[in-house]
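Asker: Structure file final_29.cif (mmCIF, C-alpha atoms) right here:
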data_final
#
loop_
_atom_site.label_atom_id
_atom_site.label_comp_id
_atom_site.auth_asym_id
_atom_site.auth_seq_id
_atom_site.Cartn_x
_atom_site.Cartn_y
_atom_site.Cartn_z
CA MET A 985 165.23 -60.56 420.49
CA GLU A 986 168.78 -59.65 421.44
CA ILE A 987 171.31 -60.64 418.82
CA LYS A 988 174.55 -62.23 419.96
CA PHE A 989 177.02 -62.29 417.09
CA LEU A 990 179.88 -64.68 416.56
CA VAL A 991 182.52 -62.96 414.41
CA VAL A 992 184.79 -65.53 412.74
CA ASP A 993 187.97 -64.51 410.93
CA ASP A 994 191.60 -65.57 411.17
CA SER A 995 192.64 -61.96 410.60
CA VAL A 996 192.68 -59.95 413.82
CA THR A 997 192.34 -56.82 411.69
CA MET A 998 189.17 -58.04 410.01
CA ARG A 999 187.59 -59.22 413.26
CA ARG A 1000 188.21 -55.81 414.73
CA ILE A 1001 186.74 -54.04 411.70
CA VAL A 1002 183.62 -56.21 411.75
CA VAL A 1003 183.23 -55.75 415.52
CA ASN A 1004 183.66 -51.98 415.19
CA SER A 1005 181.08 -51.92 412.43
CA LEU A 1006 178.64 -53.89 414.60
CA LYS A 1007 179.17 -51.43 417.45
CA THR A 1008 178.55 -48.54 415.06
CA LEU A 1009 175.31 -50.24 414.03
CA GLY A 1010 174.32 -50.52 417.68
CA TYR A 1011 175.18 -54.18 418.32
CA ASP A 1012 177.37 -54.63 421.40
CA ASN A 1013 176.83 -58.32 422.10
CA TYR A 1014 179.41 -60.41 420.31
CA VAL A 1015 182.07 -63.07 420.69
CA GLU A 1016 184.99 -63.79 418.38
CA ALA A 1017 186.57 -66.91 416.89
CA GLN A 1018 189.82 -67.22 414.98
CA ASP A 1019 188.85 -70.04 412.61
CA GLY A 1020 186.01 -72.38 411.72
CA GLN A 1021 186.88 -75.00 414.29
CA ASP A 1022 187.13 -72.45 417.08
CA ALA A 1023 183.79 -71.04 415.94
CA PHE A 1024 182.06 -74.41 415.85
CA ASP A 1025 183.32 -75.23 419.35
CA LYS A 1026 181.99 -71.89 420.62
CA ILE A 1027 178.62 -72.36 418.90
CA LYS A 1028 178.21 -75.80 420.48
CA ALA A 1029 179.21 -74.45 423.90
CA ASP A 1030 177.12 -71.26 423.84
CA SER A 1031 173.50 -71.58 422.77
CA SER A 1032 172.95 -67.82 423.10
CA ILE A 1033 174.96 -67.20 419.91
CA ASN A 1034 172.27 -66.54 417.33
CA PHE A 1035 174.07 -64.93 414.40
CA VAL A 1036 177.33 -65.95 412.69
CA ILE A 1037 179.42 -63.62 410.54
CA THR A 1038 182.21 -65.65 409.00
CA ASP A 1039 185.14 -65.30 406.64
CA TRP A 1040 185.74 -68.05 404.06
CA ASN A 1041 189.53 -68.56 403.94
CA MET A 1042 190.73 -69.74 407.32
CA PRO A 1043 193.05 -72.45 408.60
CA ASN A 1044 191.78 -75.62 410.35
CA MET A 1045 188.20 -75.18 409.16
CA THR A 1046 187.11 -72.79 406.41
CA GLY A 1047 183.98 -70.69 406.53
CA LEU A 1048 182.38 -72.97 403.97
CA GLU A 1049 183.18 -76.06 406.07
CA LEU A 1050 181.88 -74.24 409.14
CA THR A 1051 178.62 -73.48 407.33
CA LYS A 1052 178.23 -77.14 406.36
CA ALA A 1053 179.05 -78.24 409.92
CA ILE A 1054 176.46 -75.85 411.38
CA ARG A 1055 173.80 -76.93 408.89
CA SER A 1056 174.38 -80.61 409.54
CA ASN A 1057 174.31 -80.24 413.32
CA GLY A 1058 170.71 -80.54 414.54
CA PRO A 1059 170.59 -77.83 417.23
CA THR A 1060 172.36 -75.25 415.03
CA GLU A 1061 171.01 -76.07 411.59
CA THR A 1062 168.93 -72.88 411.31
CA LEU A 1063 171.54 -70.50 412.74
CA PRO A 1064 171.78 -67.39 410.52
CA ILE A 1065 175.10 -67.19 408.69
CA LEU A 1066 176.49 -64.20 406.83
CA MET A 1067 179.60 -64.93 404.76
CA VAL A 1068 182.01 -61.97 404.50
CA THR A 1069 184.83 -62.81 402.13
CA THR A 1070 187.16 -61.63 399.36
CA ARG A 1071 185.79 -64.40 397.13
CA GLY A 1072 183.57 -62.75 394.55
CA VAL A 1073 183.47 -65.19 391.67
CA LYS A 1074 180.23 -66.87 390.69
CA GLU A 1075 181.42 -70.40 391.47
CA ASP A 1076 182.23 -69.41 395.06
CA ILE A 1077 178.95 -67.62 395.60
CA VAL A 1078 177.02 -70.60 394.28
CA GLN A 1079 179.03 -72.96 396.49
CA ALA A 1080 178.22 -70.82 399.51
CA LEU A 1081 174.54 -70.80 398.57
CA GLN A 1082 174.56 -74.53 398.18
CA ALA A 1083 176.05 -74.78 401.67
CA LYS A 1084 173.07 -72.62 402.75
CA VAL A 1085 174.61 -69.36 403.90
CA ASN A 1086 171.87 -66.79 404.50
CA ASN A 1087 173.68 -64.00 402.72
CA TYR A 1088 177.01 -63.04 401.24
CA VAL A 1089 179.15 -59.87 401.42
CA VAL A 1090 182.36 -59.24 399.48
CA LYS A 1091 185.35 -57.53 401.07
CA PRO A 1092 186.12 -54.72 401.25
CA PHE A 1093 182.63 -54.13 402.62
CA THR A 1094 180.91 -50.92 403.59
CA PRO A 1095 178.93 -50.54 406.83
CA GLN A 1096 175.81 -49.83 404.75
CA VAL A 1097 176.08 -53.20 402.99
CA LEU A 1098 176.77 -55.00 406.27
CA LYS A 1099 173.72 -53.35 407.87
CA GLU A 1100 171.54 -54.13 404.87
CA LYS A 1101 172.46 -57.83 404.95
CA ILE A 1102 172.15 -58.17 408.73
CA ASP A 1103 168.75 -56.46 408.66
CA ALA A 1104 167.58 -58.68 405.80
CA ILE A 1105 168.59 -61.82 407.68
CA ILE A 1106 167.07 -60.66 410.97
CA SER A 1107 163.78 -59.76 409.29
CA SER A 1108 163.65 -63.20 407.69
CA ILE A 1109 164.03 -65.16 410.94
CA MET B 65 227.65 -134.09 359.46
CA LYS B 66 228.49 -130.93 357.58
CA THR B 67 230.74 -131.02 354.55
CA ALA B 68 233.87 -128.87 354.13
CA PRO B 69 232.41 -126.67 351.38
CA ASN B 70 229.44 -125.93 353.61
CA ASN B 71 231.74 -124.90 356.47
CA LEU B 72 233.68 -122.61 354.20
CA SER B 73 230.49 -121.06 352.92
CA GLU B 74 229.39 -120.32 356.50
CA ILE B 75 232.80 -118.82 357.29
CA PHE B 76 232.54 -116.54 354.26
CA GLU B 77 229.08 -115.50 355.32
CA LYS B 78 230.36 -114.68 358.82
CA LEU B 79 233.28 -112.76 357.32
CA GLN B 80 230.84 -110.87 355.15
CA ASP B 81 228.79 -110.01 358.28
CA LEU B 82 231.97 -108.93 360.04
CA LYS B 83 232.85 -106.72 357.11
CA GLU B 84 229.43 -105.07 357.30
CA ILE B 85 229.92 -104.51 361.01
CA PHE B 86 233.28 -102.85 360.37
CA LYS B 87 231.70 -100.70 357.67
CA PHE B 88 228.94 -99.71 360.11
CA GLY B 89 231.59 -99.12 362.75
CA GLU B 90 233.42 -96.76 360.41
CA LYS B 91 230.19 -94.82 360.03
CA ILE B 92 229.25 -94.85 363.73
CA VAL B 93 232.65 -93.94 365.16
CA PRO B 94 232.49 -90.29 364.02
CA ILE B 95 228.98 -90.08 365.45
CA LEU B 96 230.19 -91.51 368.74
CA GLN B 97 233.10 -89.07 368.70
CA SER B 98 230.66 -86.19 368.13
CA LEU B 99 228.50 -87.52 370.95
CA ILE B 100 231.49 -87.64 373.29
CA GLU B 101 232.44 -84.09 372.29
CA PHE B 102 228.84 -83.04 372.84
CA MET B 103 228.82 -84.66 376.28
CA LYS B 104 232.07 -82.87 377.14
CA ASP B 105 230.27 -79.62 376.39
CA VAL B 106 226.99 -80.60 378.01
CA VAL B 107 228.28 -81.87 381.37
CA PRO B 108 229.79 -78.48 382.39
CA LEU B 109 226.60 -76.88 381.12
CA LEU B 110 224.53 -79.17 383.35
CA GLU B 111 226.83 -78.35 386.23
CA ASN B 112 226.27 -74.68 385.53
CA ILE B 113 222.52 -75.21 385.41
CA ASN B 114 222.69 -77.13 388.67
CA THR B 115 224.70 -74.36 390.29
CA SER B 116 222.30 -71.72 388.95
CA ILE B 117 219.30 -73.66 390.23
CA ALA B 118 220.97 -74.06 393.60
CA GLU B 119 221.79 -70.36 393.76
CA SER B 120 218.25 -69.41 392.76
CA THR B 121 216.64 -71.82 395.17
CA ASN B 122 218.92 -70.70 397.98
CA LYS B 123 217.33 -67.29 397.57
CA MET B 124 213.80 -68.70 397.69
CA PRO B 125 213.62 -69.30 401.45
CA ALA B 126 214.79 -65.72 401.93
CA ALA B 127 212.08 -64.40 399.59
CA PHE B 128 209.52 -66.69 401.25
CA ASN B 129 210.47 -65.49 404.73
CA GLN B 130 210.63 -61.89 403.58
CA ILE B 131 207.04 -62.09 402.35
CA ASN B 132 205.95 -63.64 405.65
CA ASN B 133 207.78 -60.83 407.46
CA VAL B 134 205.99 -58.23 405.33
CA THR B 135 202.65 -59.81 406.24
CA SER B 136 203.52 -59.79 409.95
CA ALA B 137 204.85 -56.23 409.79
CA THR B 138 201.74 -54.90 408.03
CA GLU B 139 199.52 -56.73 410.52
CA MET B 140 201.41 -55.14 413.41
CA ALA B 141 201.30 -51.71 411.78
CA THR B 142 197.58 -52.11 411.08
CA THR B 143 196.93 -53.06 414.69
CA GLU B 144 198.87 -50.00 415.81
CA ILE B 145 196.88 -47.73 413.48
CA MET B 146 193.64 -49.25 414.80
CA ASP B 147 194.78 -48.72 418.39
CA ARG B 148 195.48 -45.06 417.58
CA VAL B 149 192.13 -44.65 415.85
CA ASP B 150 190.42 -46.23 418.87
CA ASN B 151 192.32 -43.86 421.18
CA ILE B 152 191.25 -40.87 419.08
CA THR B 153 187.64 -42.10 419.06
CA ASN B 154 187.69 -42.63 422.83
CA SER B 155 189.24 -39.20 423.42
CA LEU B 156 186.63 -37.60 421.18
CA GLY B 157 183.94 -39.40 423.15
CA GLU B 158 185.36 -37.92 426.37
CA ILE B 159 185.52 -34.45 424.79
CA GLN B 160 181.87 -34.80 423.74
CA LYS B 161 180.92 -35.74 427.31
CA SER B 162 182.83 -32.72 428.64
CA LEU B 163 181.17 -30.45 426.13
CA SER B 164 177.78 -31.78 427.13
CA ASN B 165 178.70 -31.11 430.77
CA ILE B 166 179.86 -27.58 429.91
CA SER B 167 176.60 -26.97 428.05
CA SER B 168 174.50 -28.14 431.02
CA LYS B 169 176.47 -25.98 433.45
CA SER B 170 176.24 -23.02 431.10
CA LYS B 171 172.47 -23.39 430.94
CA ALA B 172 172.32 -23.55 434.76
CA LYS B 173 174.51 -20.44 435.01
CA THR B 174 172.29 -18.56 432.56
CA GLU B 175 169.26 -19.58 434.57
CA ILE B 176 170.85 -18.21 437.77
CA VAL B 177 171.82 -14.96 436.04
CA LEU B 178 168.30 -14.52 434.74
CA GLN B 179 166.89 -15.11 438.25
CA LEU B 180 169.40 -12.59 439.58
CA ALA B 181 168.32 -10.11 436.90
CA ASP B 182 164.78 -10.23 438.28
CA PHE B 183 166.10 -8.86 441.59
CA LEU B 184 167.94 -6.08 439.77
CA ALA B 185 165.19 -5.08 437.38
CA ASP B 186 165.35 -1.43 438.46
CA ASN B 187 169.13 -1.19 438.28
CA SER B 188 170.22 0.34 434.93
CA ALA B 189 173.85 -0.74 435.37
CA ALA B 190 172.67 -4.28 436.02
CA LYS B 191 170.54 -4.13 432.87
CA GLU B 192 173.58 -3.09 430.85
CA LEU B 193 175.62 -5.93 432.28
CA LEU B 194 172.80 -8.35 431.57
CA SER B 195 172.72 -7.17 427.98
CA LYS B 196 176.48 -7.83 427.66
CA PHE B 197 176.01 -11.19 429.32
CA HIS B 198 173.51 -12.20 426.59
CA GLU B 199 176.00 -11.11 423.91
CA TYR B 200 178.52 -13.61 425.23
CA ASP B 201 176.00 -16.28 426.04
CA ASP B 202 176.37 -18.11 422.73
CA ILE B 203 178.11 -21.22 424.04
CA ASP B 204 175.53 -23.74 422.79
CA PRO B 205 175.89 -22.88 419.08
CA GLN B 206 179.68 -23.07 419.57
CA ILE B 207 179.34 -26.47 421.23
CA ASP B 208 177.12 -27.66 418.39
CA LYS B 209 179.81 -26.64 415.88
CA VAL B 210 182.50 -28.47 417.86
CA ASN B 211 180.25 -31.56 418.08
CA GLU B 212 179.77 -31.44 414.33
CA LYS B 213 183.55 -31.39 413.84
CA ILE B 214 183.94 -34.25 416.32
CA SER B 215 181.41 -36.28 414.34
CA GLU B 216 183.37 -35.59 411.17
CA VAL B 217 186.63 -36.70 412.79
CA ASN B 218 184.87 -39.79 414.21
CA ASN B 219 183.58 -40.64 410.77
CA ASP B 220 187.06 -40.16 409.25
CA GLY B 221 188.45 -42.47 411.92
CA TYR B 222 185.84 -45.09 411.05
CA GLN B 223 186.65 -44.73 407.35
CA ILE B 224 190.35 -45.26 408.15
CA MET B 225 189.37 -48.39 410.06
CA LEU B 226 187.33 -49.68 407.10
CA ALA B 227 190.16 -48.93 404.67
CA LEU B 228 192.41 -51.19 406.75
CA GLN B 229 190.57 -54.14 405.21
CA VAL B 230 193.34 -53.77 402.66
CA GLN B 231 195.66 -55.52 405.14
CA ASP B 232 193.65 -58.74 405.11
CA ILE B 233 193.31 -58.64 401.34
CA THR B 234 197.01 -57.99 400.66
CA SER B 235 198.02 -60.66 403.14
CA GLN B 236 195.97 -63.16 401.11
CA GLN B 237 197.67 -61.94 397.95
CA LEU B 238 201.08 -62.39 399.59
CA THR B 239 200.11 -65.87 400.78
CA ALA B 240 199.20 -66.67 397.16
CA VAL B 241 202.65 -65.45 396.02
CA ASN B 242 204.30 -67.60 398.69
CA HIS B 243 202.28 -70.56 397.50
CA LEU B 244 203.66 -69.97 393.99
CA ILE B 245 207.22 -69.72 395.31
CA GLU B 246 206.67 -72.95 397.21
CA SER B 247 205.41 -74.72 394.07
CA VAL B 248 208.36 -73.52 391.97
CA ASN B 249 210.73 -74.51 394.76
CA ASP B 250 209.25 -78.02 394.87
CA LYS B 251 209.64 -78.40 391.09
CA LEU B 252 213.25 -77.25 391.29
CA ALA B 253 213.87 -79.60 394.20
CA SER B 254 212.63 -82.46 392.07
CA LEU B 255 214.84 -81.33 389.16
CA VAL B 256 217.89 -81.08 391.40
CA ASP B 257 217.14 -84.55 392.75
CA ASP B 258 217.29 -85.85 389.19
CA ILE B 259 220.59 -84.08 388.60
CA HIS B 260 221.92 -85.55 391.84
CA GLU B 261 221.49 -88.94 390.27
CA ALA B 262 224.04 -87.77 387.71
CA ASN B 263 226.45 -87.26 390.63
CA LEU B 264 226.10 -83.49 390.76
CA ASP B 265 225.72 -81.89 394.15
CA ASN B 266 223.62 -79.11 395.53
CA GLU B 267 220.53 -79.21 397.62
CA VAL B 268 217.20 -77.43 397.57
CA HIS B 269 215.64 -76.60 400.90
CA LYS B 270 211.99 -77.44 401.45
CA LEU B 271 209.86 -74.39 402.23
CA GLU B 272 207.44 -74.68 405.12
CA ALA B 273 204.20 -72.76 404.68
CA PRO B 274 202.07 -72.23 407.80
CA GLU B 275 199.97 -75.34 408.36
CA GLY B 276 196.44 -75.20 407.00
CA ALA B 277 196.91 -71.77 405.46
CA THR B 278 194.18 -70.98 402.96
CA PHE B 279 193.85 -67.93 400.78
CA ASP B 280 191.92 -66.44 397.92
CA PRO B 281 194.32 -66.15 394.96
CA ASN B 282 191.98 -63.59 393.38
CA ALA B 283 191.74 -61.38 396.46
CA ARG B 284 191.80 -57.69 395.54
CA PHE B 285 191.11 -54.38 397.23
CA ASP B 286 188.36 -53.16 394.95
CA ARG B 287 185.77 -50.75 396.27
CA ASP B 288 183.68 -50.88 393.13
CA GLU B 289 180.06 -51.15 394.32
CA ASN B 290 179.29 -53.32 391.32
CA ARG B 291 181.09 -56.25 392.95
CA GLN B 292 178.50 -56.46 395.73
CA ILE B 293 175.69 -55.75 393.26
CA ASN B 294 176.94 -58.64 391.16
CA VAL B 295 176.95 -60.91 394.23
CA ASP B 296 173.41 -59.80 395.13
CA ASN B 297 172.21 -60.51 391.60
CA ILE B 298 173.67 -64.02 391.66
CA ILE B 299 172.06 -64.63 395.06
CA ASP B 300 168.71 -63.29 393.87
CA GLU B 301 168.83 -65.42 390.76
CA HIS B 302 169.79 -68.67 392.36
CA LYS B 303 169.05 -68.57 396.06
CA ASN B 304 165.82 -70.49 395.78
CA LYS B 305 166.79 -72.61 392.83
CA ILE B 306 169.91 -74.40 393.98
CA THR B 307 169.18 -77.61 395.78
CA SER B 308 171.61 -80.06 394.25
CA GLN B 309 175.00 -80.39 392.62
CA ASP B 310 173.24 -81.33 389.39
CA GLU B 311 171.53 -77.97 389.33
CA ILE B 312 174.84 -76.21 389.94
CA ASP B 313 176.39 -78.18 387.11
CA LYS B 314 173.51 -77.14 384.87
CA LEU B 315 174.03 -73.54 385.90
CA PHE B 316 177.64 -73.57 384.80
CA SER B 317 177.10 -75.63 381.67
CA GLY B 318 174.55 -73.01 380.53
CA GLU B 319 171.65 -75.49 380.21
#
Would you put the structure from the file into structure tokens?
Answerer:
Amino acid sequence: MEIKFLVVDDSVTMRRIVVNSLKTLGYDNYVEAQDGQDAFDKIKADSSINFVITDWNMPNMTGLELTKAIRSNGPTETLPILMVTTRGVKEDIVQALQAKVNNYVVKPFTPQVLKEKIDAIISSI
Amino acid sequence: MKTAPNNLSEIFEKLQDLKEIFKFGEKIVPILQSLIEFMKDVVPLLENINTSIAESTNKMPAAFNQINNVTSATEMATTEIMDRVDNITNSLGEIQKSLSNISSKSKAKTEIVLQLADFLADNSAAKELLSKFHEYDDIDPQIDKVNEKISEVNNDGYQIMLALQVQDITSQQLTAVNHLIESVNDKLASLVDDIHEANLDNEVHKLEAPEGATFDPNARFDRDENRQINVDNIIDEHKNKITSQDEIDKLFSGE
């Protein structure tokens, strides 16, 4: 199955870093979104997106809100979501788990960790 | 109808009350005088405080904007660094292609020379030249070394790119600082409003943060692997357990 990633981050720098890391890992199929709302619109418009990598802190719609929106929207409720964020405290991680993210990576991340989490999610779907 | 003695008695009582009031007045007047003196001292002090607040708060928009400018400047600089790293990576990719091309052509050349050598098998001078040719025919190991160096430079470029995550993290820290400045500014604005009611002037400008801006106040650039390990442990522990808010509440209450 070909993976089409949606990389969601309000920071252009971070989007570029994540995209570069995906390319290094051999994934060339991706689209980008600048916040949760933009991401949700793209997910609804493009059914070929089958993996979401999202930041938490973003204007308009946060990554957590995006996760909840995806999970409560029938056609997208099982879409794999990897949260990549600076938030590393227990309360945040538990909140993200409750919102049903598939996995969680803290920034600054390493490509090894990103690969490990992506592989784990892909092997579980 | 009241009798005269009764009236007189009431008058004496009133006079007695009046006397007490005067006595109290004698006691209170110095206090009032002290209070007036105190107010004379306090009002200029309040004016000074008001002026100081106004001066401080006038600097706040500048600090606020300066921080926003720093964020924008670092974002621009980061983008420029990334562009350069991408250029270097692309150039290295082209060099690798050229090297691969050189290697293929070199192999083809060697093949031709070897075929030519077959025709000159009886020629001793040709044999000598062929021997020299083999001495110099070490281009592939050289190319391998160059490719190794290119891989190292590519990897360094990628590491630079990864290190630029610091820009996102510091921008969140700066947004948190701006949020603090905004909060302090709002408090001061409220204080100055109160002083205005005492007929003192000066105005505090409202700071306008970007709409909908969110940030992690605890964001930090920490490459300690234990952070991710800690996250993984929490996920492993609770991933399959958490189904309700009650369970989360239990988790944090230590039940």
Asker: When the cut-off is 8 Å and we count all atoms listed in the file, which residues of chain A are near chain B, given as a ChimeraX atom specification?
Answerer: /A:995,997-998,1001,1041-1044,1070-1072,1074,1077-1078,1081-1082,1087-1094
Asker: I'd like the neighbourhood of range 1024-1039 of chain A as a ChimeraX atom specification, where a residue qualifies if any of its atoms comes within 6 Å (using only C-alpha atoms), though same-chain residues fewer than 5 positions away should be ignored.
Answerer: /A:988-993,1047,1064-1069
Asker: Please evaluate the PyMOL selection byres ((chain B and resi 128-137) around 9) against the structure above and give the resulting residues as a PDB file with C-alpha atoms, in the frame of the given file.
Answerer:
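And here is the file that came out, result_27.pdb:
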ATOM      1  CA  LYS B 123     217.330 -67.290 397.570  1.00  0.00           C
ATOM      2  CA  MET B 124     213.800 -68.700 397.690  1.00  0.00           C
ATOM      3  CA  PRO B 125     213.620 -69.300 401.450  1.00  0.00           C
ATOM      4  CA  ALA B 126     214.790 -65.720 401.930  1.00  0.00           C
ATOM      5  CA  ALA B 127     212.080 -64.400 399.590  1.00  0.00           C
ATOM      6  CA  THR B 138     201.740 -54.900 408.030  1.00  0.00           C
ATOM      7  CA  GLU B 139     199.520 -56.730 410.520  1.00  0.00           C
ATOM      8  CA  MET B 140     201.410 -55.140 413.410  1.00  0.00           C
ATOM      9  CA  ALA B 141     201.300 -51.710 411.780  1.00  0.00           C
ATOM     10  CA  THR B 142     197.580 -52.110 411.080  1.00  0.00           C
ATOM     11  CA  GLN B 231     195.660 -55.520 405.140  1.00  0.00           C
ATOM     12  CA  THR B 234     197.010 -57.990 400.660  1.00  0.00           C
ATOM     13  CA  SER B 235     198.020 -60.660 403.140  1.00  0.00           C
ATOM     14  CA  LEU B 238     201.080 -62.390 399.590  1.00  0.00           C
ATOM     15  CA  THR B 239     200.110 -65.870 400.780  1.00  0.00           C
ATOM     16  CA  VAL B 241     202.650 -65.450 396.020  1.00  0.00           C
ATOM     17  CA  ASN B 242     204.300 -67.600 398.690  1.00  0.00           C
ATOM     18  CA  ILE B 245     207.220 -69.720 395.310  1.00  0.00           C
ATOM     19  CA  GLU B 246     206.670 -72.950 397.210  1.00  0.00           C
ATOM     20  CA  LEU B 271     209.860 -74.390 402.230  1.00  0.00           C
ATOM     21  CA  ALA B 273     204.200 -72.760 404.680  1.00  0.00           C
TER      22      ALA B 273
END
Asker: Separation of CA of Val256 in chain B and CA of Met103 in chain B, in Å?
Answerer: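 Straight-line distance from CA of Val256 in chain B to CA of Met103 in chain B works out to 19.0 Å.
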Asker: Leaving out range 176-187 of chain B and any residue of its chain fewer than 5 positions from it, which residues lie within 12 Å of it when counting all atoms listed in the file, given as a tab-separated table (two decimals) with C-alpha atoms, in the coordinates of the input?
Answerer:
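And here is the file that came out, result_22.tsv:
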chain	number	residue	atom	x	y	z
B	169	LYS	CA	176.47	-25.98	433.45
B	170	SER	CA	176.24	-23.02	431.10
B	171	LYS	CA	172.47	-23.39	430.94
B	192	GLU	CA	173.58	-3.09	430.85
B	193	LEU	CA	175.62	-5.93	432.28
B	194	LEU	CA	172.80	-8.35	431.57
B	195	SER	CA	172.72	-7.17	427.98
B	196	LYS	CA	176.48	-7.83	427.66
B	197	PHE	CA	176.01	-11.19	429.32
B	198	HIS	CA	173.51	-12.20	426.59
B	201	ASP	CA	176.00	-16.28	426.04
Asker: Evaluate the PyMOL selection byres ((chain A and resi 1103) around 12) against this structure - the residues, as an NGL selection string, please.
Answerer: :A and (987 or 1006 or 1009 or 1011 or 1035 or 1064 or 1066 or 1086-1087 or 1095-1102 or 1104-1109)
Asker: Go ahead and fit an axis-aligned box to every listed atom of range 1021-1031 of chain A plus 6 Å each side, and pass me the centre and edge lengths in Å, one decimal, as JSON.
Answerer:
{"center_x": 180.3, "center_y": -73.4, "center_z": 419.1, "size_x": 25.6, "size_y": 16.8, "size_z": 21.6}
Asker: Take the PyMOL selection byres ((chain B and resi 157-164) around 12), apply it to the structure above, and return the hits as number ranges by chain.
Answerer: B: 150-156, 165-171, 203-215, 217-218
Asker: For CA of Asn112 in chain B and CA of Leu252 in chain B, determine how far apart the two atoms are, in Å to one decimal place.
Answerer: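 Atom-to-atom, CA of Asn112 in chain B to CA of Leu252 in chain B, that is 14.5 Å.
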Asker: Mind giving me the straight-line distance from CA of Val1015 in chain A to CA of Thr1051 in chain A in Å, one decimal?
Answerer: 17.3 Å
Asker: So that I can check the surroundings of Lys1052 in chain A, please list as a ChimeraX atom specification every protein, DNA and RNA residue that reaches within 9 Å of it, counting all atoms listed in the file and ignoring chain neighbours fewer than 5 positions away.
Answerer: /A:1047,1057,1061,1083-1085
